[in-house]
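Only one structure is covered here, and it is reproduced in the block below.
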Amino acid sequence: MRHILVINPKGGSGKSTVATNLAAHYSHKVDRVALVDFDSQESSLEWLERRPERYPEIVGLAGHKDGMRGVNRSTDVVIIDAPARTHKTELTDLINRAETIIIPVQPSPIDMDATAKFIDELSGYKKVSSKQLKIGLVANRFKENTLIWDRLDNFLEKQKPPYIAAFREAQNYIRAYTRGLGVNELPEYLAWPDQQQWDPLITWLDSKRSQPK
Ligand SMILES: Nc1ncnc2c1ncn2[C@@H]1O[C@H](COP(=O)(O)OP(=O)(O)O)[C@@H](O)[C@H]1O
Ligand SMILES: [Mg+2]
């Protein structure tokens, strides 16, 4: 069983967007996918409620109430959607459950500052320093040709954890979210630029680089 934690201490950075899109991706690749929502706002679970029945099943669990109880042993991939502002004990708890962390970051000075602190905090965990837990950074909601996007791009290049992928700001994410789908499940003619932007993240997740040594 593989556990992928999507986390960033800032609200609105794209945790639920990345978590739901990953769940949609894996639902076509493996037998059993669970999406565990640790945020009491339950955005991921609301997304799942809207998922049409004809699409591959994803099991939704309210982690903020029940923890990981309810994750069936035969689950292949568990996607964990973290809340904003995780306290120390809760963070430790989430970290203990994962082998891979994805940190989505928005182009905003406040988000970059918060992320730098968070990366620093994570580096203090033995699980991270001993490479039992792999971190990948992802830019989210970028707008081409903006100064702040250049800054985010530079910022992410300079961090110790690898900078894996960048997702543009696009209506397709809203469209997919409101329909209970991932952008990979939208028609290709509509969503191909966004679908392509997921390839580097999927390649990284499929490689050993994102898994414990
Ligand atoms: N790449 C994107 N393009 C357009 N809208 C996005 C994108 N990523 C996230 N959003 C929107 O931004 C808002 C915050 O994203 P969300 O995934 O809920 O963040 P978090 O879970 O970190 O609070 C949501 O309304 C979401 O639909
Ligand atoms: Mg969320």
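Identifiers in the structure tokens: chain A, B, ... in order shown; residue index from 1 per chain; ligand index from 1 in order shown.
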For this session: Determine, counting only C-alpha atoms, which protein, DNA and RNA residues have an atom within 9 Å of an atom of A:Tyr125; residues of the same chain fewer than 5 positions away are not included. Present the result as a list of chain:residue names.
Result: A:Thr92, A:Ile95, A:Ser130
Problem set entry | Shell around A:Asp111 at 10 Å using only C-alpha atoms, local window under 5 positions removed, as a PyMOL selection string | chain A and resi 8-13+104-106+116-117+152
Problem set entry | Residue contacts of stretch 20-24 of chain A (9 Å, only C-alpha atoms) excluding same-chain residues fewer than 6 positions away, as a list in words |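 The residues satisfying every condition are Val33, Ala34, Leu35, Ser44, Leu45, Trp47, Leu48, Tyr55, Pro56, Glu57, Ile58, Val77, Val78, Ile79, Asp81, Tyr173, Ala176, Tyr177, Gly180, Leu181, Gly182, Val183, Asn184, Glu185 and Ile202 of chain A.
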Just to be explicit: take each residue in the selection above, keep N, CA and C atoms, and write the result as a compact mmCIF listing (two decimals), in the first residue's frame.
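Below is the file that was written, out27.txt:
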```
# COMPACT_ATOMS: atom_id res chain seq x y z
N VAL A 33 -8.29 2.68 -4.82
CA VAL A 33 -7.75 3.99 -4.41
C VAL A 33 -8.60 4.52 -3.26
N ALA A 34 -7.94 5.01 -2.22
CA ALA A 34 -8.66 5.68 -1.14
C ALA A 34 -8.22 7.14 -1.08
N LEU A 35 -9.16 8.01 -0.83
CA LEU A 35 -8.90 9.44 -0.69
C LEU A 35 -9.30 9.80 0.75
N SER A 44 -12.42 17.44 -0.56
CA SER A 44 -12.16 16.23 -1.36
C SER A 44 -13.36 15.28 -1.33
N LEU A 45 -13.97 15.19 -0.17
CA LEU A 45 -15.12 14.27 -0.06
C LEU A 45 -16.33 14.83 -0.81
N TRP A 47 -16.09 16.62 -3.50
CA TRP A 47 -15.75 16.31 -4.90
C TRP A 47 -16.16 14.87 -5.22
N LEU A 48 -15.82 13.98 -4.31
CA LEU A 48 -16.08 12.56 -4.54
C LEU A 48 -17.58 12.26 -4.62
N TYR A 55 -17.51 6.30 -13.65
CA TYR A 55 -16.04 6.43 -13.54
C TYR A 55 -15.51 5.48 -12.47
N PRO A 56 -14.24 5.08 -12.59
CA PRO A 56 -13.70 4.12 -11.62
C PRO A 56 -13.86 4.62 -10.18
N GLU A 57 -14.14 3.67 -9.32
CA GLU A 57 -14.46 4.01 -7.93
C GLU A 57 -13.25 4.51 -7.14
N ILE A 58 -13.52 5.47 -6.27
CA ILE A 58 -12.52 5.94 -5.30
C ILE A 58 -13.21 5.88 -3.94
N VAL A 77 -3.40 2.48 -3.45
CA VAL A 77 -2.88 3.84 -3.29
C VAL A 77 -3.81 4.63 -2.38
N VAL A 78 -3.22 5.25 -1.36
CA VAL A 78 -3.97 6.12 -0.45
C VAL A 78 -3.50 7.55 -0.67
N ILE A 79 -4.42 8.43 -1.03
CA ILE A 79 -4.10 9.84 -1.18
C ILE A 79 -4.62 10.56 0.06
N ASP A 81 -5.35 14.08 1.86
CA ASP A 81 -5.52 15.52 1.69
C ASP A 81 -5.41 16.16 3.07
N TYR A 173 -9.70 23.12 -14.02
CA TYR A 173 -9.66 22.61 -12.64
C TYR A 173 -10.99 22.83 -11.95
N ALA A 176 -13.47 20.40 -13.64
CA ALA A 176 -13.27 19.02 -13.17
C ALA A 176 -13.77 18.88 -11.73
N TYR A 177 -13.41 19.85 -10.90
CA TYR A 177 -13.80 19.76 -9.48
C TYR A 177 -15.32 19.68 -9.33
N GLY A 180 -16.71 16.18 -10.19
CA GLY A 180 -16.20 14.98 -9.53
C GLY A 180 -15.18 14.23 -10.38
N LEU A 181 -14.48 14.97 -11.23
CA LEU A 181 -13.50 14.35 -12.13
C LEU A 181 -12.12 14.95 -11.93
N GLY A 182 -11.13 14.29 -12.53
CA GLY A 182 -9.79 14.86 -12.62
C GLY A 182 -9.65 15.51 -13.99
N VAL A 183 -8.65 16.39 -14.16
CA VAL A 183 -8.47 16.98 -15.49
C VAL A 183 -8.12 15.88 -16.51
N ASN A 184 -7.56 14.77 -16.03
CA ASN A 184 -7.25 13.65 -16.93
C ASN A 184 -8.51 13.02 -17.50
N GLU A 185 -9.65 13.28 -16.84
CA GLU A 185 -10.91 12.67 -17.28
C GLU A 185 -11.77 13.63 -18.10
N ILE A 202 3.44 12.52 -12.54
CA ILE A 202 3.12 11.08 -12.63
C ILE A 202 4.40 10.27 -12.85
```
For this session: Find, counting only C-alpha atoms, the residue in A:Arg151, A:Arg85, A:His25, A:Arg51 that gets nearest to A:Arg179.
Result: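 Smallest separation from A:Arg179 among the options: A:Arg51.
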Produce a table with one row for each residue of chain A that has an atom at most 6 Å from any atom of ligand 1, each row naming the nearest atom pair and its distance in Å at one decimal; use only C-alpha atoms and all ligand atoms; arrange rows by chain and rising residue number; format as a tab-separated table.
```
residue	atom	partner	partner_atom_place_in_ligand_line	distance
A:Gly11	CA	ligand 1	23 (O)	4.0
A:Gly12	CA	ligand 1	23 (O)	3.3
A:Ser13	CA	ligand 1	22 (O)	3.9
A:Gly14	CA	ligand 1	17 (O)	3.3
A:Lys15	CA	ligand 1	22 (O)	3.7
A:Ser16	CA	ligand 1	21 (O)	3.7
A:Thr17	CA	ligand 1	17 (O)	3.6
A:Asn140	CA	ligand 1	1 (N)	5.2
A:Arg141	CA	ligand 1	1 (N)	3.9
A:Phe167	CA	ligand 1	1 (N)	5.4
A:Arg168	CA	ligand 1	1 (N)	5.1
A:Glu169	CA	ligand 1	3 (N)	3.4
A:Ala170	CA	ligand 1	3 (N)	4.1
A:Gln171	CA	ligand 1	4 (C)	5.5
A:Tyr173	CA	ligand 1	4 (C)	5.2
A:Ile174	CA	ligand 1	27 (O)	4.9
```
Problem set entry | For A:Leu147: contacts at 12 Å, only C-alpha atoms, fewer than 4 positions along chain excluded, given as a list in words |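 The filter keeps Pro107, Ser108, Pro109, Phe142, Lys143, Arg151, Leu152, Asp153 and Asn154 of chain A.
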For this session: Rank A:Lys126, A:Lys134, A:Arg50, A:Lys160 by their smallest atom-to-atom distance to A:Val6, using only C-alpha atoms, and report the top residue only.
Result: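 Ranking A:Lys126, A:Lys134, A:Arg50, A:Lys160 by distance to A:Val6, first place goes to A:Lys134.
Here atom CA of A:Trp149 is placed at a distance of 17.5 Å from atom CA of A:Pro162.
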Problem set entry | alpha helix (DSSP H) per DSSP on the backbone: members of chain A, as a PyMOL selection string | chain A and resi 15-27+43-49+63-66+88-97+109-123+126-129+147-158+171-179+188-206
For this session: Skip A:Thr75 itself and residues of its chain fewer than 6 positions away, then list as a PyMOL selection string all residues within 12 Å of it, counting only C-alpha atoms.
Result: chain A and resi 1-3+26-27+30-36+57-60+68
Go ahead and dump the residues you just picked, C-alpha atoms, as a tab-separated table (two decimals), in the first residue's frame.
```tsv
chain	number	residue	atom	x	y	z
A	1	MET	CA	0.00	0.00	0.00
A	2	ARG	CA	1.32	3.38	-1.01
A	3	HIS	CA	0.54	6.62	0.85
A	26	TYR	CA	-4.82	6.38	-9.95
A	27	SER	CA	-8.44	5.21	-10.20
A	30	VAL	CA	-4.79	0.46	-9.87
A	31	ASP	CA	-7.62	-1.58	-8.37
A	32	ARG	CA	-8.27	0.32	-5.17
A	33	VAL	CA	-7.75	3.99	-4.41
A	34	ALA	CA	-8.66	5.68	-1.14
A	35	LEU	CA	-8.90	9.44	-0.69
A	36	VAL	CA	-8.57	10.36	2.98
A	57	GLU	CA	-14.46	4.01	-7.93
A	58	ILE	CA	-12.52	5.94	-5.30
A	59	VAL	CA	-13.15	5.20	-1.63
A	60	GLY	CA	-13.58	8.41	0.41
A	68	MET	CA	-6.86	6.10	8.74
```
Exercise. Using only C-alpha atoms and all ligand atoms, which residue out of A:Asp120, A:Asp113, A:Ala62, A:Ala82 lies closest to ligand 2?
Worked result: A:Ala82
Problem set entry | Proximity to ligand 2 - best of A:Glu99, A:Glu53, A:Gly70, A:Pro83, only C-alpha atoms and all ligand atoms |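 Going through A:Glu99, A:Glu53, A:Gly70, A:Pro83 one by one, the smallest distance to ligand 2 is for A:Pro83.
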For this session: Go ahead and compute the interatomic distance for atom CA of A:Ile148 and atom CA of A:Ala166, in Å to one decimal.
Result: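 Spanning atom CA of A:Ile148 to atom CA of A:Ala166 is a straight-line distance of 13.8 Å.
Here the DSSP assignment of strand (DSSP E), based on backbone atoms, applies within stretch 26-90 of chain A to Val33, Ala34, Leu35, Val36, Asp37, Val59, Gly60, Leu61, Val77, Val78, Ile79, Ile80 and Asp81 of chain A.
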Same residues, C-alpha atoms, saved as a short mmCIF file (atom, residue, chain, number, x, y, z; two decimals), in the first residue's frame:
```
data_model
loop_
_atom_site.label_atom_id
_atom_site.label_comp_id
_atom_site.auth_asym_id
_atom_site.auth_seq_id
_atom_site.Cartn_x
_atom_site.Cartn_y
_atom_site.Cartn_z
CA VAL A 33 -7.75 3.99 -4.41
CA ALA A 34 -8.66 5.68 -1.14
CA LEU A 35 -8.90 9.44 -0.69
CA VAL A 36 -8.57 10.36 2.98
CA ASP A 37 -9.65 13.89 3.80
CA VAL A 59 -13.15 5.20 -1.63
CA GLY A 60 -13.58 8.41 0.41
CA LEU A 61 -12.78 8.57 4.12
CA VAL A 77 -2.88 3.84 -3.29
CA VAL A 78 -3.97 6.12 -0.45
CA ILE A 79 -4.10 9.84 -1.18
CA ILE A 80 -4.14 11.99 1.95
CA ASP A 81 -5.52 15.52 1.69
#
```
